[in-house]
Amino acid sequence: MLPTSLGPWLDYTINGLVIGNIYALLAVGLALIFGVSHLINFAHGSVYMVGAYIGWLCVTQLALPLPVTFVVVAAGCGLLGVVIERVGLRPLREAPRIAPLLATIGLSVVMDQTAQLLFSPDPRAPPTQLPAWRIAVGGGSIGALDLLIAGVGVGSAALLYGFLRFTRLGWAVRATALDRDAARQCGVDVDKVNRTVFAIASALGGVSGLLVGMYYNTIDPNMGFQAGLKGIVAQLIGGVGNVPGAIAGSLLLGLIESYGIALFGTSYRNLFAFVALIVILVLRPNGLFARARRLPPEPLTGTFIAPSRPVVLPRWAVWGLAAAALALPLAVRQPYLLQTLGNAWLFALLALSLTLVAGTVGQVSLGHAGLLAIGAYASALLTLDAGVPVLLAVPLAGLVAATLGTALVYPAFRLRGHYVSIATLAVGEIVTLVILNWESLTRGPIGVTGIPPLAVAGTPLVSGQWVYWVPLVVLLALAAVQSRLLDSHLGRTLRAIREDDIAARSYGVELDRYKALAFAVAGFVAGIGGALMAHFYSYINHETFPAPVSMLALTMVILGGLGNVAGAVLGAAVLVGLPELFRAAAEYRMLIYGIVLLLLIRFRPQGLLGTV
Amino acid sequence: MTSQPGKPLLEVAGLTRRFGGLTAVNGLDLTVGEGELVSVIGPNGAGKTTLFNLIAGLDAPDAGAVAFDGRDVSGLPAERLAALGLARTFQHGRVFGNLSVLDNVLVGAHTRLRAVRPRPRLPLLGPLAELALALVRPAPVRAEEERLRAEALEIVALFGERLTPRLDQPAHSLSYANRRRLEIARALALRPRLLLLDEPTAGMNPTETAEMLAIIRSLKGRGLTILLIEHKLDLVMQLSDRVVVMDHGARIAEGLPAAVAADPAVIEAYLGHKAVGGLAEPDGAEPDGAGQGGGNQHGERPVVARAAR
Amino acid sequence: MTDALLRLDRVNSFYGPVQVHFDLSLEVGKGEIVCLLGGNASGKSTTMKIILGLLKPRSGQVSFDGRPLTGLATPQIVRRGIGSVPESRRLFATMTVRENVLMGAYTRDDRKAVVEDHERVLDLFPKLRERHAQQAGTLSGGEQQMVAMARALMGRPRLIVMDEPTMGLSPLHVDKVLELIGTINRQGVSVFMVEQNASLALRIAHRGYVLQTGRIVLSGPAADLARDPQIRDAYLGGTRAA
């Protein structure tokens, strides 16, 4: 499949640069936003999606000419950016640093789901308005759209340069990025700067979405997630907050992807970006263009998790609740209710796992669904392909998830704050992409069918009660183990890392060792959860545990209270159980989760039971 | 206040750290003998805290070496130095906010955990054994935990009734002065061979400062080796065996407290150019004399007359 | 002092649960240089934050020229006529010297007067004229301090607040900076400076306050303070109760 002549390579290069231009429009905005507000904006991909849809509306419904469409998209998305800043971020200015990041995740979920409700999840094809001619260059060719994208990219960069270099507001943006407080003391209204930056960034992001819709001739409500990640990757390659670096990183990423597809095939496309991300984070965490050794980072003392006083459940209450939960099937015999709650207990295992790393150790993992996937595939393949009995395969799957999960996240242990979140998000994506592409092991996109159910002495445990009891018993056991762990010296050690990793190091706490322990325990718990899911569902594929599941888990954990074992169970029960019981239409469910996440971050960041 | 230093415990030679164009620590030499209390003084921005970070392994020097107990420890990370017996407090009080007072102190004893962190420290099995022991908790592990808790209570009791009634409260609820005390308690739980104190009395009123002075003195009396950064010269003069004066990252003077305080170069650097004000007269000097000495130097104040305009 | 330009009246401020100021009251008269002395963590820098609106007091009032600053954000306070020379200069490191100085005029719309003021400020700090195209982060400490002062002056302030203006400077630069503070003051700008170094500050100040654990423990004309035996106990942290 390797092309031998030069012509196709020229095409790949042109293609890579065009895609790089699209990424650059995203990455520049992300860099600007990071510069002034030190925030990695996870909602940026959704703005891009909205831009694509506004463009589609303009062309198909309003029949506007292309130049007007560009203006409408830029204005519409710019306005959206202002709203995002005002509603999502400004109220959180005094909140712990992780809060605005979580808020952008919530906003992104809300926007994607709203688009899905408005336009249906099906892809749409924006009609092309450009002439179809192509100019032959060497052995390759350039079309009108390629030139348009390049022109928009270069033009935007020039405008942005002029703005930052020669206007008063542009100076204020740069000054705010360099030293926010000093800028305020020069009379700079930082809110106005933030607003301006979000407007510019979102306008560029929207235009990027419009262009990509034209380029691939297809748009869908979930297109933003991957694109936003690509923008973040491109920005990290160039060094966060570095605008020229973001452009260079984007072009580089575009070329890597284009050549990579040429060499390995399309289904690997996203893998290159995420592997590149991990490599950059590990080798050059400040980006390719960062200067020599920087000042040691100022610790985030006490800024990660707000001071909190958790609700302490008395021992008798815990036992009482556990007993009541176990006895429930004796009193209630509606299979649907039991199945729903059983599903909630399975998700509670995921929440239990995440609350340990995100809450207790303060490593906010955004790729936690990847651990479920590893556990599910491990158990399914062990039983089907290796003939391991189900009861043995489940704990083995836990061990596999613990080992693989820890090994995959290990490179990210030296990172802090937002970088950990990005790295874990990338790891989650990598897991999915490997499952998709390693067909000889995982059966690729077809998925794994006919996974045997759990069985004791030849009797399959598939009835309503067992679907409820098995997950609950496993959950109670693992929750007890986790509580005992938190009660030991490990509990205070892990929490000390979260509170102040510098001070913890100064008292001999080896960060890698304890982070690895926490991820191993979390991987085990989530792996068991994934394995049980596989045996209950009997069919899994690479889309059974998508990225939104990670966001859902995070919402559960925050709802219950970070690090809070009882809170994780409560969060899962509420978020999985309640919508189901109230028969909320399935398509609204993710929207509800997004809104819950936003409201929690704003009004009750410590969750229902409080941070432990 | 005669100093009879034992063999050197800490030896710093030619230590240099640059940040961009600024040389925060510039070819610094420093020795602390076993059982000695050495103070580092100097104006804000002189590089004292950077020096501490370099010694404690939180920052790496651009040049120079640090030796601890005769062993070259330059470039060793903080966690390794802690295991060797070096404990420090932080200038701005870095307690673990959401941990209880007791847990804060117990984290200080982390390097002393033996039963639950068995030796030798194998790479993969070590952590797994630690996890298993923490969950199963056999008798030796329980005994160790009990022993450390009892010891933590004793350490906390050093501070009288300041911390003891607040053992179970989260550290974020403590007053500023209590956070400083808690930091010292946490450091003592490490059973340090060398204790680095970064302005332990910052933000304390005279009563609290006097209390802290008594505590540091008693620690010294027990033979603890201490390197102290402090601005309150009274305290420095009363406690130190030797004083090192830093300015612009370099050592500009070193010696017995009385000698250093009388050194004109020190007075110039520490109290300001031309301000031979004697605000830093050694302990026992008449405060009156000091004040007048300062006043006499202010004859040239240019703007008194304009104040009335 | 009926002619107070800046007045803090019984200010109580907190960081989380920790109280920083206890009924802090002080004032700066028109044309005065007033210094606030105190050790580290005595609440000096927090006083700056309170004046500039970077931290809101829980109770008490800050007023400027007879009008309360309550509820105003930092940029609005700056527009009222308070210029700031922050601790450690806080320049915009990768912007040029010229851009840094002109950022000080951010709030002003009178372009022509800004250009004139820029010239005047450069006359006051001739060194900055040579360096105007250089990145501010590459300057020496003393030069950076001058950029910070020039930046503050560009807003045409009636009061300049300075947080440890001599920190980390060589003796030569310390003299220069103190001299410039005097010059600025003679041009009619009041100065409120926080200093750890008492004798330096008292050399140029008219009056001073001594802050200790968030309370004013001593105040008076600079000459009296310099002579006051209590200052040693109170400020250098005597271990006997003052």
# chains A, B, ... in the order shown; residues from 1 in each chain; ligands from 1
>>> interface_residues(of="chain B", to="chain A", cutoff="6 Å", atoms="only C-alpha atoms", output="PDB file with N, CA and C atoms, in the first residue's frame")
ATOM      1  N   ALA B  78      13.705  15.220  46.769  1.00  0.00           N
ATOM      2  CA  ALA B  78      13.309  15.518  48.143  1.00  0.00           C
ATOM      3  C   ALA B  78      12.952  14.268  48.928  1.00  0.00           C
ATOM      4  N   GLU B  79      12.257  13.316  48.260  1.00  0.00           N
ATOM      5  CA  GLU B  79      11.791  12.161  49.018  1.00  0.00           C
ATOM      6  C   GLU B  79      12.966  11.305  49.516  1.00  0.00           C
ATOM      7  N   ALA B  82      14.492  13.142  52.508  1.00  0.00           N
ATOM      8  CA  ALA B  82      13.666  12.951  53.696  1.00  0.00           C
ATOM      9  C   ALA B  82      13.991  11.606  54.332  1.00  0.00           C
ATOM     10  N   ALA B  83      14.162  10.601  53.491  1.00  0.00           N
ATOM     11  CA  ALA B  83      14.464   9.277  54.021  1.00  0.00           C
ATOM     12  C   ALA B  83      15.821   9.252  54.719  1.00  0.00           C
ATOM     13  N   PHE B  96      -1.315  20.000  55.025  1.00  0.00           N
ATOM     14  CA  PHE B  96      -2.291  19.313  54.180  1.00  0.00           C
ATOM     15  C   PHE B  96      -3.679  19.711  54.672  1.00  0.00           C
ATOM     16  N   GLY B 108       4.218  13.092  58.493  1.00  0.00           N
ATOM     17  CA  GLY B 108       5.611  13.418  58.796  1.00  0.00           C
ATOM     18  C   GLY B 108       6.434  12.190  59.152  1.00  0.00           C
ATOM     19  N   THR B 111       8.497   8.266  56.523  1.00  0.00           N
ATOM     20  CA  THR B 111       9.750   7.559  56.216  1.00  0.00           C
ATOM     21  C   THR B 111      10.126   6.568  57.313  1.00  0.00           C
ATOM     22  N   ALA B 134      -1.246  -3.058  54.450  1.00  0.00           N
ATOM     23  CA  ALA B 134      -2.155  -1.996  54.883  1.00  0.00           C
ATOM     24  C   ALA B 134      -3.583  -2.505  54.986  1.00  0.00           C
ATOM     25  N   LEU B 135      -3.935  -3.477  54.136  1.00  0.00           N
ATOM     26  CA  LEU B 135      -5.303  -3.980  54.161  1.00  0.00           C
ATOM     27  C   LEU B 135      -5.482  -5.047  55.231  1.00  0.00           C
TER      28      LEU B 135
END
>>> residues_around(residues="Leu202 in chain C", least_positions_apart="3", cutoff="8 Å", atoms="only C-alpha atoms", output="PyMOL selection string")
(chain B and resi 298) or (chain C and resi 35+198-199+205-208+222-223+225-226)
>>> interface_residues(of="chain A", to="chain C", cutoff="7 Å", atoms="only C-alpha atoms", output="PyMOL selection string")
chain A and resi 175+178-179+182+184-189
>>> write_last_selection(atoms="all heavy atoms", output="PDB file, in the first residue's frame")
ATOM      1  N   ALA A 175      -0.796  41.269  28.080  1.00  0.00           N
ATOM      2  CA  ALA A 175      -0.415  41.596  29.455  1.00  0.00           C
ATOM      3  C   ALA A 175      -1.137  40.681  30.440  1.00  0.00           C
ATOM      4  O   ALA A 175      -0.537  40.178  31.396  1.00  0.00           O
ATOM      5  CB  ALA A 175      -0.732  43.055  29.744  1.00  0.00           C
ATOM      6  N   LEU A 178       0.417  37.348  30.572  1.00  0.00           N
ATOM      7  CA  LEU A 178       1.717  37.302  31.246  1.00  0.00           C
ATOM      8  C   LEU A 178       1.583  37.463  32.745  1.00  0.00           C
ATOM      9  O   LEU A 178       2.322  36.852  33.517  1.00  0.00           O
ATOM     10  CB  LEU A 178       2.628  38.402  30.688  1.00  0.00           C
ATOM     11  CG  LEU A 178       3.123  38.137  29.264  1.00  0.00           C
ATOM     12  CD1 LEU A 178       3.713  39.391  28.655  1.00  0.00           C
ATOM     13  CD2 LEU A 178       4.138  37.008  29.269  1.00  0.00           C
ATOM     14  N   ASP A 179       0.690  38.332  33.188  1.00  0.00           N
ATOM     15  CA  ASP A 179       0.547  38.567  34.626  1.00  0.00           C
ATOM     16  C   ASP A 179      -0.803  39.217  34.878  1.00  0.00           C
ATOM     17  O   ASP A 179      -0.970  40.425  34.724  1.00  0.00           O
ATOM     18  CB  ASP A 179       1.681  39.467  35.126  1.00  0.00           C
ATOM     19  CG  ASP A 179       1.727  39.512  36.644  1.00  0.00           C
ATOM     20  OD1 ASP A 179       0.657  39.383  37.272  1.00  0.00           O
ATOM     21  OD2 ASP A 179       2.826  39.670  37.193  1.00  0.00           O
ATOM     22  N   ALA A 182      -0.987  41.989  37.628  1.00  0.00           N
ATOM     23  CA  ALA A 182      -0.308  43.218  37.234  1.00  0.00           C
ATOM     24  C   ALA A 182      -1.134  43.944  36.178  1.00  0.00           C
ATOM     25  O   ALA A 182      -1.205  45.176  36.168  1.00  0.00           O
ATOM     26  CB  ALA A 182       1.091  42.907  36.707  1.00  0.00           C
ATOM     27  N   ARG A 184      -4.378  43.927  35.914  1.00  0.00           N
ATOM     28  CA  ARG A 184      -5.483  44.603  36.616  1.00  0.00           C
ATOM     29  C   ARG A 184      -4.990  45.882  37.262  1.00  0.00           C
ATOM     30  O   ARG A 184      -5.705  46.885  37.303  1.00  0.00           O
ATOM     31  CB  ARG A 184      -6.069  43.679  37.681  1.00  0.00           C
ATOM     32  CG  ARG A 184      -6.804  42.503  37.087  1.00  0.00           C
ATOM     33  CD  ARG A 184      -7.135  41.479  38.136  1.00  0.00           C
ATOM     34  NE  ARG A 184      -8.282  41.878  38.947  1.00  0.00           N
ATOM     35  CZ  ARG A 184      -8.660  41.222  40.037  1.00  0.00           C
ATOM     36  NH1 ARG A 184      -7.991  40.172  40.431  1.00  0.00           N
ATOM     37  NH2 ARG A 184      -9.699  41.632  40.727  1.00  0.00           N
ATOM     38  N   GLN A 185      -3.759  45.846  37.772  1.00  0.00           N
ATOM     39  CA  GLN A 185      -3.229  47.045  38.423  1.00  0.00           C
ATOM     40  C   GLN A 185      -2.855  48.120  37.411  1.00  0.00           C
ATOM     41  O   GLN A 185      -2.540  49.243  37.791  1.00  0.00           O
ATOM     42  CB  GLN A 185      -2.025  46.682  39.297  1.00  0.00           C
ATOM     43  CG  GLN A 185      -2.461  45.881  40.509  1.00  0.00           C
ATOM     44  CD  GLN A 185      -1.296  45.342  41.305  1.00  0.00           C
ATOM     45  OE1 GLN A 185      -0.312  46.030  41.520  1.00  0.00           O
ATOM     46  NE2 GLN A 185      -1.413  44.113  41.759  1.00  0.00           N
ATOM     47  N   CYS A 186      -2.856  47.767  36.118  1.00  0.00           N
ATOM     48  CA  CYS A 186      -2.719  48.798  35.088  1.00  0.00           C
ATOM     49  C   CYS A 186      -4.092  49.271  34.635  1.00  0.00           C
ATOM     50  O   CYS A 186      -4.199  50.041  33.685  1.00  0.00           O
ATOM     51  CB  CYS A 186      -1.963  48.250  33.883  1.00  0.00           C
ATOM     52  SG  CYS A 186      -0.221  48.012  34.191  1.00  0.00           S
ATOM     53  N   GLY A 187      -5.139  48.778  35.261  1.00  0.00           N
ATOM     54  CA  GLY A 187      -6.487  49.204  34.893  1.00  0.00           C
ATOM     55  C   GLY A 187      -7.140  48.323  33.845  1.00  0.00           C
ATOM     56  O   GLY A 187      -8.181  48.684  33.311  1.00  0.00           O
ATOM     57  N   VAL A 188      -6.542  47.180  33.541  1.00  0.00           N
ATOM     58  CA  VAL A 188      -7.136  46.295  32.548  1.00  0.00           C
ATOM     59  C   VAL A 188      -8.324  45.568  33.171  1.00  0.00           C
ATOM     60  O   VAL A 188      -8.212  44.985  34.241  1.00  0.00           O
ATOM     61  CB  VAL A 188      -6.104  45.259  32.049  1.00  0.00           C
ATOM     62  CG1 VAL A 188      -6.761  44.238  31.145  1.00  0.00           C
ATOM     63  CG2 VAL A 188      -4.972  45.965  31.329  1.00  0.00           C
ATOM     64  N   ASP A 189      -9.452  45.654  32.467  1.00  0.00           N
ATOM     65  CA  ASP A 189     -10.638  44.916  32.901  1.00  0.00           C
ATOM     66  C   ASP A 189     -10.475  43.479  32.403  1.00  0.00           C
ATOM     67  O   ASP A 189     -10.689  43.187  31.229  1.00  0.00           O
ATOM     68  CB  ASP A 189     -11.877  45.580  32.296  1.00  0.00           C
ATOM     69  CG  ASP A 189     -13.150  44.850  32.668  1.00  0.00           C
ATOM     70  OD1 ASP A 189     -13.071  43.724  33.202  1.00  0.00           O
ATOM     71  OD2 ASP A 189     -14.232  45.407  32.431  1.00  0.00           O
TER      72      ASP A 189
END
>>> select_by_dssp(residues="range 50-265 of chain B", states="strand (DSSP E or B)", output="VMD selection string")
chain B and resid 63 to 68 71 to 72 86 to 88 100 170 194 to 198 225 to 229 242 to 247 250 to 255
>>> write_last_selection(atoms="C-alpha atoms", output="PDB file, in the first residue's frame")
ATOM      1  CA  ALA B  63      26.558  24.322  39.970  1.00  0.00           C
ATOM      2  CA  GLY B  64      27.973  23.264  43.308  1.00  0.00           C
ATOM      3  CA  ALA B  65      27.437  20.372  45.649  1.00  0.00           C
ATOM      4  CA  VAL B  66      25.520  19.456  48.781  1.00  0.00           C
ATOM      5  CA  ALA B  67      26.819  16.752  51.093  1.00  0.00           C
ATOM      6  CA  PHE B  68      24.770  15.282  53.923  1.00  0.00           C
ATOM      7  CA  ARG B  71      27.630  11.693  51.384  1.00  0.00           C
ATOM      8  CA  ASP B  72      27.150  13.655  48.174  1.00  0.00           C
ATOM      9  CA  LEU B  86      16.214  15.802  56.498  1.00  0.00           C
ATOM     10  CA  ALA B  87      12.991  17.581  57.420  1.00  0.00           C
ATOM     11  CA  ARG B  88      11.883  21.058  56.554  1.00  0.00           C
ATOM     12  CA  SER B 100      -6.688  16.280  60.307  1.00  0.00           C
ATOM     13  CA  PRO B 170      -8.858  19.646  59.395  1.00  0.00           C
ATOM     14  CA  LEU B 194      18.746  17.947  60.232  1.00  0.00           C
ATOM     15  CA  LEU B 195      15.797  20.292  60.579  1.00  0.00           C
ATOM     16  CA  LEU B 196      15.372  23.199  58.163  1.00  0.00           C
ATOM     17  CA  LEU B 197      13.092  25.885  59.571  1.00  0.00           C
ATOM     18  CA  ASP B 198      11.973  28.580  57.118  1.00  0.00           C
ATOM     19  CA  THR B 225      20.822  20.015  64.320  1.00  0.00           C
ATOM     20  CA  ILE B 226      18.932  22.992  62.953  1.00  0.00           C
ATOM     21  CA  LEU B 227      19.335  25.338  60.011  1.00  0.00           C
ATOM     22  CA  LEU B 228      17.109  28.351  60.544  1.00  0.00           C
ATOM     23  CA  ILE B 229      15.957  31.162  58.274  1.00  0.00           C
ATOM     24  CA  ARG B 242      26.587  30.714  64.147  1.00  0.00           C
ATOM     25  CA  VAL B 243      24.966  33.163  61.775  1.00  0.00           C
ATOM     26  CA  VAL B 244      25.366  33.250  57.997  1.00  0.00           C
ATOM     27  CA  VAL B 245      24.372  36.448  56.242  1.00  0.00           C
ATOM     28  CA  MET B 246      23.190  36.273  52.644  1.00  0.00           C
ATOM     29  CA  ASP B 247      22.682  39.066  50.178  1.00  0.00           C
ATOM     30  CA  ALA B 250      25.999  35.129  48.187  1.00  0.00           C
ATOM     31  CA  ARG B 251      27.319  34.747  51.695  1.00  0.00           C
ATOM     32  CA  ILE B 252      28.544  38.150  52.812  1.00  0.00           C
ATOM     33  CA  ALA B 253      29.391  37.302  56.397  1.00  0.00           C
ATOM     34  CA  GLU B 254      29.524  34.411  58.782  1.00  0.00           C
ATOM     35  CA  GLY B 255      30.404  34.065  62.420  1.00  0.00           C
TER      36      GLY B 255
END
>>> closest_residue(among="B:Ala115, B:Leu163, B:Leu102, B:Met212", to="chain C", atoms="only C-alpha atoms")
B:Met212
>>> select_by_dssp(residues="range 118-280 of chain B", states="helix (DSSP H, G or I)", output="ChimeraX atom specification")
/B:125-136,139-157,164-166,171-173,176-189,206-221,233-239,257-262,264-271
>>> closest_residue(among="B:Val136, B:Val12, B:Val32, B:Leu239", to="chain C", atoms="only C-alpha atoms")
B:Leu239
>>> atom_distance(atom1="CA of Val474 in chain A", atom2="CA of Thr383 in chain A")
19.4 Å
>>> residues_around(residues="range 214-216 of chain A", least_positions_apart="2", cutoff="12 Å", atoms="only C-alpha atoms", output="JSON list (two decimals) with N, CA and C atoms, in the first residue's frame")
[["chain", "number", "residue", "atom", "x", "y", "z"],
["A", 15, "ASN", "N", -2.64, 17.58, 1.82],
["A", 15, "ASN", "CA", -3.73, 17.18, 2.71],
["A", 15, "ASN", "C", -3.37, 17.44, 4.18],
["A", 18, "VAL", "N", -3.48, 21.12, 4.94],
["A", 18, "VAL", "CA", -4.86, 21.63, 4.98],
["A", 18, "VAL", "C", -5.50, 21.25, 6.31],
["A", 19, "ILE", "N", -5.37, 19.98, 6.68],
["A", 19, "ILE", "CA", -5.91, 19.54, 7.98],
["A", 19, "ILE", "C", -5.23, 20.31, 9.11],
["A", 21, "ASN", "N", -4.12, 23.27, 8.99],
["A", 21, "ASN", "CA", -4.73, 24.60, 9.05],
["A", 21, "ASN", "C", -6.03, 24.59, 9.85],
["A", 22, "ILE", "N", -6.80, 23.55, 9.65],
["A", 22, "ILE", "CA", -8.07, 23.44, 10.38],
["A", 22, "ILE", "C", -7.79, 23.29, 11.88],
["A", 51, "GLY", "N", -20.31, 25.60, 15.02],
["A", 51, "GLY", "CA", -19.94, 26.36, 13.82],
["A", 51, "GLY", "C", -20.32, 25.59, 12.55],
["A", 52, "ALA", "N", -20.05, 24.29, 12.57],
["A", 52, "ALA", "CA", -20.38, 23.47, 11.41],
["A", 52, "ALA", "C", -21.88, 23.49, 11.16],
["A", 53, "TYR", "N", -22.67, 23.40, 12.25],
["A", 53, "TYR", "CA", -24.13, 23.36, 12.08],
["A", 53, "TYR", "C", -24.69, 24.72, 11.67],
["A", 55, "GLY", "N", -23.15, 26.80, 9.87],
["A", 55, "GLY", "CA", -22.81, 26.87, 8.45],
["A", 55, "GLY", "C", -23.80, 26.06, 7.61],
["A", 56, "TRP", "N", -24.10, 24.88, 8.10],
["A", 56, "TRP", "CA", -25.04, 24.02, 7.38],
["A", 56, "TRP", "C", -26.41, 24.70, 7.25],
["A", 59, "VAL", "N", -26.33, 27.56, 4.71],
["A", 59, "VAL", "CA", -26.26, 27.16, 3.31],
["A", 59, "VAL", "C", -27.54, 26.47, 2.86],
["A", 66, "LEU", "N", -21.54, 32.04, 0.39],
["A", 66, "LEU", "CA", -20.48, 31.55, 1.27],
["A", 66, "LEU", "C", -19.84, 32.65, 2.15],
["A", 70, "PHE", "N", -19.69, 32.62, 6.28],
["A", 70, "PHE", "CA", -18.51, 32.76, 7.14],
["A", 70, "PHE", "C", -18.73, 33.79, 8.24],
["A", 123, "PRO", "N", -25.43, 11.96, 10.66],
["A", 123, "PRO", "CA", -24.59, 12.93, 9.97],
["A", 123, "PRO", "C", -25.37, 13.66, 8.88],
["A", 124, "ARG", "N", -24.94, 14.84, 8.57],
["A", 124, "ARG", "CA", -25.53, 15.58, 7.45],
["A", 124, "ARG", "C", -24.41, 16.03, 6.52],
["A", 125, "ALA", "N", -24.79, 16.26, 5.28],
["A", 125, "ALA", "CA", -23.78, 16.64, 4.29],
["A", 125, "ALA", "C", -24.03, 18.07, 3.82],
["A", 126, "PRO", "N", -23.18, 19.00, 4.17],
["A", 126, "PRO", "CA", -23.35, 20.36, 3.67],
["A", 126, "PRO", "C", -23.05, 20.37, 2.18],
["A", 127, "PRO", "N", -23.93, 20.96, 1.38],
["A", 127, "PRO", "CA", -23.66, 21.01, -0.06],
["A", 127, "PRO", "C", -22.46, 21.90, -0.35],
["A", 128, "THR", "N", -21.69, 21.55, -1.33],
["A", 128, "THR", "CA", -20.51, 22.36, -1.63],
["A", 128, "THR", "C", -20.90, 23.51, -2.55],
["A", 129, "GLN", "N", -20.26, 24.63, -2.35],
["A", 129, "GLN", "CA", -20.56, 25.80, -3.16],
["A", 129, "GLN", "C", -19.35, 26.23, -3.99],
["A", 130, "LEU", "N", -18.31, 25.45, -3.88],
["A", 130, "LEU", "CA", -17.08, 25.88, -4.54],
["A", 130, "LEU", "C", -16.94, 25.21, -5.89],
["A", 143, "GLY", "N", -7.04, 21.90, -4.80],
["A", 143, "GLY", "CA", -8.37, 22.33, -5.21],
["A", 143, "GLY", "C", -8.70, 23.68, -4.60],
["A", 144, "ALA", "N", -9.87, 24.20, -5.02],
["A", 144, "ALA", "CA", -10.31, 25.51, -4.55],
["A", 144, "ALA", "C", -10.48, 25.51, -3.03],
["A", 145, "LEU", "N", -11.03, 24.41, -2.51],
["A", 145, "LEU", "CA", -11.26, 24.35, -1.07],
["A", 145, "LEU", "C", -9.95, 24.36, -0.29],
["A", 146, "ASP", "N", -8.95, 23.65, -0.82],
["A", 146, "ASP", "CA", -7.63, 23.66, -0.18],
["A", 146, "ASP", "C", -7.12, 25.09, -0.06],
["A", 147, "LEU", "N", -7.27, 25.83, -1.18],
["A", 147, "LEU", "CA", -6.78, 27.20, -1.18],
["A", 147, "LEU", "C", -7.58, 28.07, -0.21],
["A", 148, "LEU", "N", -8.90, 27.82, -0.18],
["A", 148, "LEU", "CA", -9.74, 28.60, 0.74],
["A", 148, "LEU", "C", -9.30, 28.35, 2.18],
["A", 149, "ILE", "N", -9.11, 27.09, 2.52],
["A", 149, "ILE", "CA", -8.72, 26.75, 3.90],
["A", 149, "ILE", "C", -7.38, 27.38, 4.24],
["A", 207, "VAL", "N", -15.39, 28.77, 12.57],
["A", 207, "VAL", "CA", -14.97, 28.78, 11.17],
["A", 207, "VAL", "C", -14.26, 27.48, 10.82],
["A", 208, "SER", "N", -13.48, 27.00, 11.77],
["A", 208, "SER", "CA", -12.81, 25.73, 11.56],
["A", 208, "SER", "C", -13.82, 24.61, 11.33],
["A", 209, "GLY", "N", -14.90, 24.60, 12.14],
["A", 209, "GLY", "CA", -15.94, 23.58, 11.97],
["A", 209, "GLY", "C", -16.61, 23.69, 10.62],
["A", 210, "LEU", "N", -16.88, 24.93, 10.19],
["A", 210, "LEU", "CA", -17.49, 25.15, 8.89],
["A", 210, "LEU", "C", -16.61, 24.58, 7.79],
["A", 211, "LEU", "N", -15.31, 24.88, 7.87],
["A", 211, "LEU", "CA", -14.39, 24.43, 6.84],
["A", 211, "LEU", "C", -14.29, 22.91, 6.81],
["A", 212, "VAL", "N", -14.25, 22.30, 8.00],
["A", 212, "VAL", "CA", -14.07, 20.85, 8.03],
["A", 212, "VAL", "C", -15.31, 20.16, 7.49],
["A", 218, "THR", "N", -19.27, 16.09, 5.54],
["A", 218, "THR", "CA", -20.18, 15.47, 6.51],
["A", 218, "THR", "C", -19.99, 16.12, 7.87],
["A", 219, "ILE", "N", -21.10, 16.32, 8.58],
["A", 219, "ILE", "CA", -21.02, 16.84, 9.95],
["A", 219, "ILE", "C", -21.97, 16.03, 10.83],
["A", 220, "ASP", "N", -21.63, 15.92, 12.11],
["A", 220, "ASP", "CA", -22.55, 15.26, 13.03],
["A", 220, "ASP", "C", -22.38, 15.87, 14.42],
["A", 223, "MET", "N", -19.01, 15.43, 16.38],
["A", 223, "MET", "CA", -17.73, 15.66, 15.70],
["A", 223, "MET", "C", -16.77, 16.51, 16.54]]
>>> residues_around(residues="Glu199 in chain B", least_positions_apart="5", cutoff="9 Å", atoms="only C-alpha atoms", output="NGL selection string")
(:B and (89-92 or 228-232)) or (:C and (40))
>>> residues_around(residues="Arg112 in chain B", least_positions_apart="3", cutoff="9 Å", atoms="only C-alpha atoms", output="list in words")
Ala83, Gly108, Ala109, Arg117, Ala189, Leu190 and Arg191 of chain B
